[in-house]
file target-v1.tsv (TSV, N, CA and C atoms)
chain	number	residue	atom	x	y	z
A	628	MET	N	-2.30	20.95	5.18
A	628	MET	CA	-2.01	21.06	3.76
A	628	MET	C	-2.28	19.72	3.09
A	629	LYS	N	-2.92	19.78	1.97
A	629	LYS	CA	-3.24	18.56	1.25
A	629	LYS	C	-2.01	18.05	0.51
A	630	ASN	N	-1.86	16.74	0.51
A	630	ASN	CA	-0.77	16.13	-0.24
A	630	ASN	C	-1.39	15.18	-1.25
A	631	ASN	N	-1.77	15.72	-2.40
A	631	ASN	CA	-2.43	14.93	-3.43
A	631	ASN	C	-1.56	13.79	-3.93
A	632	ASN	N	-0.27	14.01	-3.99
A	632	ASN	CA	0.63	12.95	-4.45
A	632	ASN	C	0.61	11.77	-3.49
A	633	ARG	N	0.56	12.04	-2.19
A	633	ARG	CA	0.48	10.97	-1.19
A	633	ARG	C	-0.82	10.20	-1.37
A	634	PHE	N	-1.92	10.91	-1.54
A	634	PHE	CA	-3.22	10.28	-1.73
A	634	PHE	C	-3.21	9.42	-3.00
A	635	GLU	N	-2.68	9.96	-4.08
A	635	GLU	CA	-2.63	9.21	-5.34
A	635	GLU	C	-1.78	7.95	-5.21
A	636	LYS	N	-0.64	8.06	-4.54
A	636	LYS	CA	0.23	6.89	-4.34
A	636	LYS	C	-0.46	5.84	-3.46
A	637	LEU	N	-1.17	6.31	-2.42
A	637	LEU	CA	-1.89	5.38	-1.56
A	637	LEU	C	-3.01	4.68	-2.33
A	638	MET	N	-3.72	5.41	-3.17
A	638	MET	CA	-4.78	4.80	-3.99
A	638	MET	C	-4.20	3.78	-4.96
A	639	GLU	N	-3.01	4.03	-5.47
A	639	GLU	CA	-2.34	3.09	-6.36
A	639	GLU	C	-2.03	1.78	-5.61
A	640	VAL	N	-1.53	1.91	-4.39
A	640	VAL	CA	-1.26	0.72	-3.57
A	640	VAL	C	-2.55	-0.05	-3.33
A	641	GLN	N	-3.59	0.65	-2.95
A	641	GLN	CA	-4.85	-0.01	-2.65
A	641	GLN	C	-5.47	-0.66	-3.88
A	642	LYS	N	-5.34	-0.03	-5.02
A	642	LYS	CA	-5.87	-0.59	-6.26
A	642	LYS	C	-5.23	-1.94	-6.56
A	643	TRP	N	-3.90	-2.00	-6.49
A	643	TRP	CA	-3.21	-3.24	-6.82
A	643	TRP	C	-3.39	-4.28	-5.72
A	644	ASP	N	-3.43	-3.86	-4.46
A	644	ASP	CA	-3.70	-4.81	-3.38
A	644	ASP	C	-5.08	-5.44	-3.55
A	645	PHE	N	-6.05	-4.65	-3.96
A	645	PHE	CA	-7.39	-5.16	-4.21
A	645	PHE	C	-7.37	-6.20	-5.34
A	646	ALA	N	-6.67	-5.90	-6.42
A	646	ALA	CA	-6.59	-6.83	-7.54
A	646	ALA	C	-5.92	-8.15	-7.11
A	647	VAL	N	-4.88	-8.06	-6.30
A	647	VAL	CA	-4.21	-9.26	-5.79
A	647	VAL	C	-5.17	-10.08	-4.95
A	648	LEU	N	-5.89	-9.43	-4.06
A	648	LEU	CA	-6.83	-10.12	-3.20
A	648	LEU	C	-7.94	-10.80	-4.01
A	649	GLU	N	-8.48	-10.10	-4.97
A	649	GLU	CA	-9.53	-10.69	-5.82
A	649	GLU	C	-9.02	-11.90	-6.59
A	650	ALA	N	-7.82	-11.80	-7.12
A	650	ALA	CA	-7.24	-12.94	-7.84
A	650	ALA	C	-7.02	-14.12	-6.89
A	651	ALA	N	-6.57	-13.82	-5.67
A	651	ALA	CA	-6.34	-14.89	-4.69
A	651	ALA	C	-7.66	-15.56	-4.31
A	652	LEU	N	-8.70	-14.78	-4.13
A	652	LEU	CA	-10.01	-15.36	-3.80
A	652	LEU	C	-10.52	-16.24	-4.93
A	653	PHE	N	-10.31	-15.81	-6.17
A	653	PHE	CA	-10.70	-16.63	-7.31
A	653	PHE	C	-9.92	-17.93	-7.32
A	654	LEU	N	-8.62	-17.83	-7.06
A	654	LEU	CA	-7.77	-19.02	-7.07
A	654	LEU	C	-8.10	-19.98	-5.92
A	655	ASP	N	-8.66	-19.47	-4.84
A	655	ASP	CA	-9.10	-20.36	-3.76
A	655	ASP	C	-10.13	-21.36	-4.27
A	656	ASN	N	-10.93	-20.94	-5.24
A	656	ASN	CA	-11.97	-21.81	-5.80
A	656	ASN	C	-11.58	-22.46	-7.11
A	657	HIS	N	-10.53	-21.96	-7.74
A	657	HIS	CA	-10.07	-22.49	-9.03
A	657	HIS	C	-8.54	-22.62	-9.01
A	658	PRO	N	-8.01	-23.46	-8.13
A	658	PRO	CA	-6.56	-23.51	-7.91
A	658	PRO	C	-5.74	-23.97	-9.11
A	659	ALA	N	-6.35	-24.62	-10.07
A	659	ALA	CA	-5.60	-25.11	-11.23
A	659	ALA	C	-5.69	-24.16	-12.43
A	660	ASP	N	-6.32	-23.03	-12.27
A	660	ASP	CA	-6.50	-22.09	-13.37
A	660	ASP	C	-5.18	-21.35	-13.63
A	661	LYS	N	-4.52	-21.73	-14.70
A	661	LYS	CA	-3.20	-21.16	-15.01
A	661	LYS	C	-3.28	-19.69	-15.40
A	662	VAL	N	-4.31	-19.30	-16.10
A	662	VAL	CA	-4.46	-17.90	-16.50
A	662	VAL	C	-4.67	-17.03	-15.26
A	663	ALA	N	-5.51	-17.49	-14.34
A	663	ALA	CA	-5.74	-16.73	-13.10
A	663	ALA	C	-4.45	-16.64	-12.29
A	664	THR	N	-3.65	-17.70	-12.29
A	664	THR	CA	-2.38	-17.67	-11.57
A	664	THR	C	-1.45	-16.63	-12.18
A	665	GLU	N	-1.43	-16.55	-13.51
A	665	GLU	CA	-0.62	-15.54	-14.19
A	665	GLU	C	-1.09	-14.14	-13.82
A	666	TRP	N	-2.40	-13.94	-13.80
A	666	TRP	CA	-2.95	-12.65	-13.42
A	666	TRP	C	-2.57	-12.31	-11.99
A	667	PHE	N	-2.64	-13.29	-11.09
A	667	PHE	CA	-2.26	-13.07	-9.69
A	667	PHE	C	-0.84	-12.52	-9.60
A	668	PHE	N	0.09	-13.17	-10.26
A	668	PHE	CA	1.49	-12.73	-10.19
A	668	PHE	C	1.70	-11.39	-10.91
A	669	TYR	N	0.94	-11.16	-11.96
A	669	TYR	CA	0.99	-9.87	-12.66
A	669	TYR	C	0.55	-8.75	-11.71
A	670	PHE	N	-0.60	-8.93	-11.06
A	670	PHE	CA	-1.09	-7.93	-10.11
A	670	PHE	C	-0.13	-7.77	-8.94
A	671	GLN	N	0.41	-8.89	-8.47
A	671	GLN	CA	1.32	-8.87	-7.33
A	671	GLN	C	2.57	-8.03	-7.63
A	672	SER	N	3.07	-8.13	-8.86
A	672	SER	CA	4.27	-7.35	-9.20
A	672	SER	C	3.98	-5.85	-9.17
A	673	PHE	N	2.80	-5.45	-9.65
A	673	PHE	CA	2.43	-4.03	-9.61
A	673	PHE	C	2.16	-3.58	-8.17
A	674	ALA	N	1.56	-4.45	-7.37
A	674	ALA	CA	1.31	-4.11	-5.96
A	674	ALA	C	2.62	-3.89	-5.22
A	675	LYS	N	3.57	-4.75	-5.47
A	675	LYS	CA	4.88	-4.62	-4.81
A	675	LYS	C	5.56	-3.32	-5.22
A	676	LYS	N	5.52	-3.01	-6.51
A	676	LYS	CA	6.14	-1.78	-7.00
A	676	LYS	C	5.46	-0.55	-6.42
A	677	ALA	N	4.13	-0.54	-6.38
A	677	ALA	CA	3.39	0.60	-5.84
A	677	ALA	C	3.69	0.79	-4.36
A	678	ARG	N	3.74	-0.31	-3.61
A	678	ARG	CA	4.03	-0.24	-2.18
A	678	ARG	C	5.45	0.30	-1.95
A	679	GLU	N	6.41	-0.19	-2.72
A	679	GLU	CA	7.80	0.27	-2.57
A	679	GLU	C	7.92	1.76	-2.89
A	680	GLU	N	7.23	2.21	-3.94
A	680	GLU	CA	7.27	3.63	-4.29
A	680	GLU	C	6.69	4.47	-3.16
A	681	PHE	N	5.54	4.05	-2.62
A	681	PHE	CA	4.92	4.79	-1.53
A	681	PHE	C	5.85	4.84	-0.33
A	682	GLU	N	6.38	3.69	0.06
A	682	GLU	CA	7.20	3.62	1.27
A	682	GLU	C	8.52	4.35	1.13
A	683	ASN	N	9.07	4.40	-0.06
A	683	ASN	CA	10.31	5.15	-0.27
A	683	ASN	C	10.10	6.64	-0.09
A	684	ILE	N	8.90	7.12	-0.40
A	684	ILE	CA	8.61	8.55	-0.29
A	684	ILE	C	8.03	8.90	1.08
A	685	PHE	N	7.06	8.12	1.55
A	685	PHE	CA	6.26	8.50	2.71
A	685	PHE	C	6.49	7.64	3.95
A	686	GLY	N	7.26	6.59	3.86
A	686	GLY	CA	7.49	5.72	5.01
A	686	GLY	C	6.62	4.48	4.95
A	687	PRO	N	6.78	3.61	5.93
A	687	PRO	CA	6.11	2.31	5.90
A	687	PRO	C	4.59	2.41	6.03
A	688	LEU	N	3.91	1.52	5.33
A	688	LEU	CA	2.46	1.40	5.44
A	688	LEU	C	2.05	0.52	6.62
A	689	GLN	N	2.94	-0.35	7.03
A	689	GLN	CA	2.70	-1.24	8.17
A	689	GLN	C	3.96	-1.24	9.03
A	690	PHE	N	3.79	-1.43	10.32
A	690	PHE	CA	4.95	-1.40	11.20
A	690	PHE	C	5.96	-2.49	10.86
A	691	CYS	N	5.50	-3.59	10.31
A	691	CYS	CA	6.43	-4.69	9.98
A	691	CYS	C	7.31	-4.35	8.77
A	692	GLU	N	7.03	-3.23	8.11
A	692	GLU	CA	7.85	-2.79	6.98
A	692	GLU	C	8.94	-1.82	7.40
A	693	GLN	N	9.16	-1.67	8.68
A	693	GLN	CA	10.18	-0.77	9.20
A	693	GLN	C	11.54	-1.12	8.61
A	694	ARG	N	12.26	-0.11	8.19
A	694	ARG	CA	13.62	-0.30	7.65
A	694	ARG	C	14.57	0.46	8.55
A	695	GLY	N	15.72	-0.12	8.80
A	695	GLY	CA	16.72	0.56	9.60
A	695	GLY	C	16.37	0.58	11.07
A	696	THR	N	17.29	1.09	11.87
A	696	THR	CA	17.09	1.10	13.31
A	696	THR	C	17.28	2.47	13.93
A	697	ASP	N	17.56	3.50	13.14
A	697	ASP	CA	17.83	4.82	13.68
A	697	ASP	C	16.59	5.53	14.20
A	698	PHE	N	15.46	5.28	13.56
A	698	PHE	CA	14.24	5.99	13.93
A	698	PHE	C	13.05	5.09	13.61
A	699	TRP	N	12.06	5.07	14.49
A	699	TRP	CA	10.87	4.27	14.29
A	699	TRP	C	9.96	5.01	13.31
A	700	GLU	N	10.17	4.79	12.01
A	700	GLU	CA	9.47	5.50	10.94
A	700	GLU	C	7.95	5.37	11.04
A	701	TRP	N	7.49	4.25	11.54
A	701	TRP	CA	6.06	4.00	11.62
A	701	TRP	C	5.35	5.08	12.42
A	702	ALA	N	6.01	5.63	13.43
A	702	ALA	CA	5.39	6.64	14.29
A	702	ALA	C	5.38	8.03	13.66
A	703	LYS	N	6.11	8.20	12.58
A	703	LYS	CA	6.16	9.49	11.90
A	703	LYS	C	4.86	9.67	11.11
A	704	GLY	N	4.18	10.76	11.32
A	704	GLY	CA	2.88	10.97	10.65
A	704	GLY	C	3.02	11.48	9.24
A	705	PRO	N	1.93	11.53	8.57
A	705	PRO	CA	0.61	11.07	8.99
A	705	PRO	C	0.48	9.56	8.85
A	706	TRP	N	-0.47	8.99	9.56
A	706	TRP	CA	-0.71	7.56	9.48
A	706	TRP	C	-1.29	7.22	8.11
A	707	PRO	N	-1.10	6.01	7.64
A	707	PRO	CA	-1.61	5.64	6.30
A	707	PRO	C	-3.10	5.88	6.12
A	708	TRP	N	-3.89	5.77	7.18
A	708	TRP	CA	-5.34	5.94	7.07
A	708	TRP	C	-5.77	7.39	7.24
A	709	GLU	N	-4.84	8.28	7.55
A	709	GLU	CA	-5.17	9.70	7.67
A	709	GLU	C	-5.05	10.35	6.29
A	710	VAL	N	-6.18	10.49	5.67
A	710	VAL	CA	-6.20	11.03	4.31
A	710	VAL	C	-6.83	12.41	4.34
A	711	ASP	N	-6.18	13.36	3.74
A	711	ASP	CA	-6.67	14.72	3.63
A	711	ASP	C	-7.11	14.93	2.20
A	712	PHE	N	-8.41	15.02	1.97
A	712	PHE	CA	-8.93	15.17	0.61
A	712	PHE	C	-8.83	16.59	0.13
call {"tool": "encode", "arguments": {"input": "target-v1.tsv", "output": "structure tokens"}}
result
Amino acid sequence: MKNNNRFEKLMEVQKWDFAVLEAALFLDNHPADKVATEWFFYFQSFAKKAREEFENIFGPLQFCEQRGTDFWEWAKGPWPWEVDF
């Protein structure tokens, strides 16, 4: 069964993670650029929110994001890279 909401939430995480990475790469070459630094933190806040929303609904995206000790959520499927279009 397709879970379009899961796919949409995962794409939201990836979109903001990409923006954070691009801003970081720019800042590697322009470390004193204050506007780029502001954009980096702006993107980072949305990336964090998107990741938290995904993980609250579908579980951790990475094993290091495991919460609690009752059950190893990371092993609960589907895996983050298993996308059903």
call {"tool": "residues_around", "arguments": {"input": "target-v1.tsv", "residues": "stretch 671-684 of chain A", "least_positions_apart": "3", "cutoff": "6 Å", "atoms": "only N, CA and C atoms", "output": "list of chain:residue names"}}
result
A:Lys636, A:Glu639, A:Val640, A:Trp643, A:Asp644, A:Val647, A:Trp666, A:Phe667, A:Phe668, A:Pro687, A:Leu688
call {"tool": "axis_aligned_box", "arguments": {"input": "target-v1.tsv", "around": "stretch 672-686 of chain A", "padding_each_side": "6 Å", "output": "AutoDock Vina command-line options"}}
result
--center_x 5.8 --center_y 0.4 --center_z -2.3 --size_x 21.0 --size_y 29.0 --size_z 26.7
call {"tool": "atom_distance", "arguments": {"input": "target-v1.tsv", "atom1": "atom CA of A:Thr664", "atom2": "atom C of A:Leu652"}}
result
10.6 Å
call {"tool": "residues_around", "arguments": {"input": "target-v1.tsv", "residues": "A:Ala650", "least_positions_apart": "4", "cutoff": "7 Å", "atoms": "only N, CA and C atoms", "output": "MDAnalysis selection string"}}
result
chainID A and resid 645:646 654:655 663 666:667
call {"tool": "write_last_selection", "arguments": {"input": "target-v1.tsv", "atoms": "N, CA and C atoms", "output": "PDB file, keeping the file's coordinate frame"}}
result
ATOM      1  N   PHE A 645      -6.050  -4.650  -3.960  1.00  0.00           N
ATOM      2  CA  PHE A 645      -7.390  -5.160  -4.210  1.00  0.00           C
ATOM      3  C   PHE A 645      -7.370  -6.200  -5.340  1.00  0.00           C
ATOM      4  N   ALA A 646      -6.670  -5.900  -6.420  1.00  0.00           N
ATOM      5  CA  ALA A 646      -6.590  -6.830  -7.540  1.00  0.00           C
ATOM      6  C   ALA A 646      -5.920  -8.150  -7.110  1.00  0.00           C
ATOM      7  N   LEU A 654      -8.620 -17.830  -7.060  1.00  0.00           N
ATOM      8  CA  LEU A 654      -7.770 -19.020  -7.070  1.00  0.00           C
ATOM      9  C   LEU A 654      -8.100 -19.980  -5.920  1.00  0.00           C
ATOM     10  N   ASP A 655      -8.660 -19.470  -4.840  1.00  0.00           N
ATOM     11  CA  ASP A 655      -9.100 -20.360  -3.760  1.00  0.00           C
ATOM     12  C   ASP A 655     -10.130 -21.360  -4.270  1.00  0.00           C
ATOM     13  N   ALA A 663      -5.510 -17.490 -14.340  1.00  0.00           N
ATOM     14  CA  ALA A 663      -5.740 -16.730 -13.100  1.00  0.00           C
ATOM     15  C   ALA A 663      -4.450 -16.640 -12.290  1.00  0.00           C
ATOM     16  N   TRP A 666      -2.400 -13.940 -13.800  1.00  0.00           N
ATOM     17  CA  TRP A 666      -2.950 -12.650 -13.420  1.00  0.00           C
ATOM     18  C   TRP A 666      -2.570 -12.310 -11.990  1.00  0.00           C
ATOM     19  N   PHE A 667      -2.640 -13.290 -11.090  1.00  0.00           N
ATOM     20  CA  PHE A 667      -2.260 -13.070  -9.690  1.00  0.00           C
ATOM     21  C   PHE A 667      -0.840 -12.520  -9.600  1.00  0.00           C
TER      22      PHE A 667
END
call {"tool": "atom_distance", "arguments": {"input": "target-v1.tsv", "atom1": "atom CA of A:Val662", "atom2": "atom CA of A:Lys642"}}
result
20.2 Å
